[in-house]
Structure formats: structure tokens, C-alpha cells
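S.K.: Next up is a structure, given as C-alpha cells.
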Amino acid sequence: MARNEVDPRFGDLLRALLEARSLSYRALAARVYQGKTYVHDLATGRAAPTVEVAKRLDEALEAGGALVALVETAAVAAPPAMNDTPTDAELEAIELVRRIEASDVSDATLSRLEEAADRMAMSYAATPPEELLPQVRRHLSYVNGLIDVKMTIDGQRRLLAVGGWLALLAATLHIDLRQRNAAEAWLTTADQMAAHAGHDEIRAWCLETRAWDVLTDGRYPEALALSKRAQAMAPAGGSALIQATAQEGRASARMGKAAETRDALERVARLVSNLPTPEHPEHHYRYDPAKAISYTATTLAWVGDPAAEEFARFAIGELLSEPGGVPRPRRVASARLDLALALLAAERPDEASAEALSAVTSGRIVPSNWWRAAEVLAGVERSGVPEAQELRDACLAFRPTQRELTS
């Protein structure tokens with residue numbers, strides 16, 4: 001089936017089968033390892049199924065291949081997709097304009113590179129890291145080829161800055177994929193380019209990104225120290241300062257320092273109190289005030305504060321109600337893990353398992369965040385509830401690697 005093309009007969013048949021089997025959307029979603037919302041969207045025609053999902057639904061509903069047949073029929077009828085490589089085409093276009101305009105690096109060339117870097121930072125929230133990383137690396141290669149080209153001092157600073165942002169994004173993507181050596185190399189490069197450009201915002205983000213990396217590795221005191229260094233480096237009023245303060249709170253929470261955790265959360269609240277919503281809130285390096293809700297949920301869940309449940313539910317509701325679908329599905333998955341952890345603390349492991357199941361089967365938990373799913377799984381299994389096996393099966397089906405599941 002072509003992207004975004006939905007055969008209405010698929011939803012009609014799926015609803016009829018659900019009614020005939022007396023199954024709820026949640027029950028079916030659990031059987032096919034998908035989120036309940038996605039299954040509901042399939043049944044109501046708001047989402048198009050893949051052949052693989054249709055096969056799982058067929059098996060779960062004993063439909064005899066009828067659902068798969070509808071998907072395959074639609075795929076045959078649909079026009080073939082174009083094999084497009086927009087990143088390469090974009091770079092070719094930028095280079096052509098540069099050569100036409102002058103032998104040096106023009107303002108137009110730099111502006112288009114800056115726009116491309118911003119666009120990729122905005123894509124981060126919804127694009128799998130293994131898909132976005134090649135685009136970022138190709139743009140970095142292009143920037144590298146311009147370093148020795150004649151340009152003004154201001155142009156050189158802008159080129160180093162855009163290279164710094166791209167290197168920082170590449171490092172972040174490598175961290176998401178648990179490729180630490182490559183991440184460290186790009187973080188070092190990003191910091192050096194930013195230093196030459198006199199760009200302290202990028203340098204502060206480099207420290208904050210390192211803090212997140214070591215936090216996911218369980219090195220909480222080091223994460224705390226890096227977060228404080230990032231705050232000292234960050235310009236006043238910038239996004240890096242807010243993010244680094246939030247990161248301090250999360251590191252304190254993992255260390256069980258309740259008073260320090262709440263102090264960091266209060267400082268974040270003050271920093272974002274008068275902060276306007278950015279034009280592109282999905283931009284990874286532009287702090288969106290709404291993000292503070294998600295970070296508060298995470299931090300309170302880690303420190304064992306019962307208020308985490310309310311913050312997590314609010315964050316999920318806000319993210320799911322955004323116009324135009326769910327532009328930040330990874331944040332939704334993380335918020336569901338926060339909620340699951342809060343429900344475990346409230347001794348409601350069956351509900352915790354359901355939320356974790358939705359997060360895991362969304363397919364949006366990157367390798368660097370998998371330890372959080374494993375943490376919830378361990379808690380659910382310790383409780384002894386029957387839902388634990390279903391959650392473990394889903395974790396086994398969706399885990400990035402066996403090492404991540406057991407680490």
C-alpha cells in the first residue's frame with residue numbers, strides 16, 4: 001500500500017472481526033504487539049497498515065488471510081513510489097548555486113546550510129536515528145569540503161557554527177544508537193568548531209549531551225558534574241541553560257537526592273515561566289516550554305514522587321492532542337515509560353505493564369533509552385502480575401539488541 005493510502009474495506013473488516021471475536025482494541029493491540037491507538041486508527045481508517053501488521057492481525061483474528069489480501073491488492077493498484085534522494089539533490093543544488101555566484105562561500109550558501117541543519121534538528125523528534133544520521137553525515141562532509149575555501153571572517157564563523165550544530169546532532173544520533181566511540185569523536189569535533197566560532201551555546205549543548213550519555217550509563221555523579229559545567233558555559237536565556245538545568249535534576253533524581261532534585265525543577269520552572277513557544281517547538285535545540293512537563297514527569301518518577309503520575313498523564317494528553325497527528329512520537333513513548341514507573345511506585349503493576357507495553361510496541365524507544373523499558377519490565381516482573389509475560393514478550397520482540405534488554 002502506498003504511504004498514507006487507506007483502503008476503507010480494511011477498517012470495515014477489522015471492526016467486524018473484532019466484534020465477532022468480542023475483542024477490545026487493547027486486547028488486539030497486545031496480541032499483535034502494537035499500540036492501542038494505532039490499532040484503533042487502523043479500524044477507523046486513519047492509518048494505513050503494512051503487510052507485516054496485516055499478517056499479525058490475520059493470525060490473531062483467525063481471518064484466513066483476508067486482511068493481508070486487502071493490503072496486497074491495494075499495493076498492486078497503487079502507483080509505484082519514486083526512489084528519491086532529497087539530501088543528495090539538496091547538496092548538489094547548493095553546490096551549483098555556490099559555483100554560479102562566486103568562487104568563495106557566499107551568504108546564500110551558508111543560509112541554505114543553516115536551513116538544512118535546522119530542518120534536520122526538527123526531524124530528530126520523529127525520524128529513526130539510523131535514517132537521519134546518513135543525511136547529517138553527508139552535510140558534514142560537504143561542510144568539511146568548504147573549510148579551506150575562500151570566505152570572509154564572518155562567513156568562516158558561520159560555517160564553523162553550522163558544522164558545530166551538525167556534528168552535535170551526529171553525536172546525539174550516535175548516542176541514541178549506543179555507538180559511544182563515534183559519539184565522543186563528533187562531540188569533540190562539535191566543541192572544537194564551536195570554540196573557533198566563539199559559539200558558547202553549542203559548547204554548552206556538547207556538555208549537556210555528554211551528561212545525558214553518561215547518565216544512561218549509570219554514571220550519575222559524572223552526569224551531575226557535566227550538567228553544572230554546561231550551565232556555567234551556557235549563555236543566559238538560551239535553551240542550553242534550561243536543558244542543562246533539567247539534566248541536573250534528572251541526575252540528582254537518579255542519585256536519590258530529593259531536595260536537590262526539586263531545587264533543579266524549580267529553577268527550570270523559573271527559566272521557562274516567560275519563555276515563548278518557539279516557532280518550531282519540535283526543534284531539538286530550541287527549548288519548548290511544554291517540554292518542561294515531560295522532563296518534570298521523568299524526574300519525579302525517578303525520585304519516587306507520586307506527583308509523577310499526574311505530570312506524565314498530562315504530558316501524554318498534550319502530545320497526543322497536537323494538531324496534525326503526533327509530531328513527537330518518541331516523547332510520547334518516553335512519557336508512557338515515566339507513567340509506568342510512577343504506577344509501579346503506586347503499586348499498580350498491571351497498569352504500569354499496559355503503559356510500558358504501549359511504549360515498547362510503538363517502536364519509538366531508541367537503544368539509548370531502552371534501559372528505561374528494562375527497568376519497568378523488571379519492576380513488573382517482581383510484582384508477579386500475569387501481565388509481566390506479555391510485556392517481556394513484547395520487549396523481546398522490539399528490543400534493539402539482547403544486550404540492551406538485559407543491561
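Chains: A, B, ... in order of the C-alpha cells. Residues: from 1 per chain. Ligands: from 1, in order shown.
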Among segment 40-71 of chain A, which residues carry a DSSP assignment of alpha helix (DSSP H), reported as a count of residues only?
M.R.: 21
S.K.: Would you mind listing, for every residue of segment 128-179 of chain A within 8 Å of segment 194-217 of chain A, the two atoms forming the shortest contact and the distance between them in Å to one decimal, using only C-alpha atoms, sorted by chain and ascending residue number, as CSV?
M.R.:
```
residue,atom,partner,partner_atom,distance
A:Gln156,CA,A:Ala197,CA,7.8
A:Arg157,CA,A:Ala197,CA,4.7
A:Arg158,CA,A:Ala197,CA,7.3
A:Leu160,CA,A:Ala197,CA,5.8
A:Ala161,CA,A:Ala194,CA,5.8
A:Gly164,CA,A:Ala194,CA,5.6
A:Trp165,CA,A:Ile202,CA,6.7
A:Leu168,CA,A:Cys206,CA,6.6
A:Thr172,CA,A:Thr209,CA,7.0
A:Ile175,CA,A:Asp213,CA,6.6
```
S.K.: Can you work out the spacing between atom CA of Ala397 of chain A and atom CA of Pro349 of chain A in Å, to one decimal?
M.R.: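 Taking atom CA of Ala397 of chain A and atom CA of Pro349 of chain A, their separation equals 20.8 Å.
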S.K.: Need the shell around Arg330 of chain A: protein/DNA/RNA residues with any atom at most 12 Å away, counting only C-alpha atoms. Skip same-chain ones fewer than 3 positions apart. Format as a ChimeraX atom specification?
M.R.: /A:123-129,176,282,294,316,319-320,326-327,333-337,358-367,369-370
S.K.: Could you tell me how far atom CA of Glu390 of chain A sits from atom CA of Tyr38 of chain A, in Å to one decimal place?
M.R.: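 Taking atom CA of Tyr38 of chain A as the start and atom CA of Glu390 of chain A as the end point, the length is 18.2 Å.
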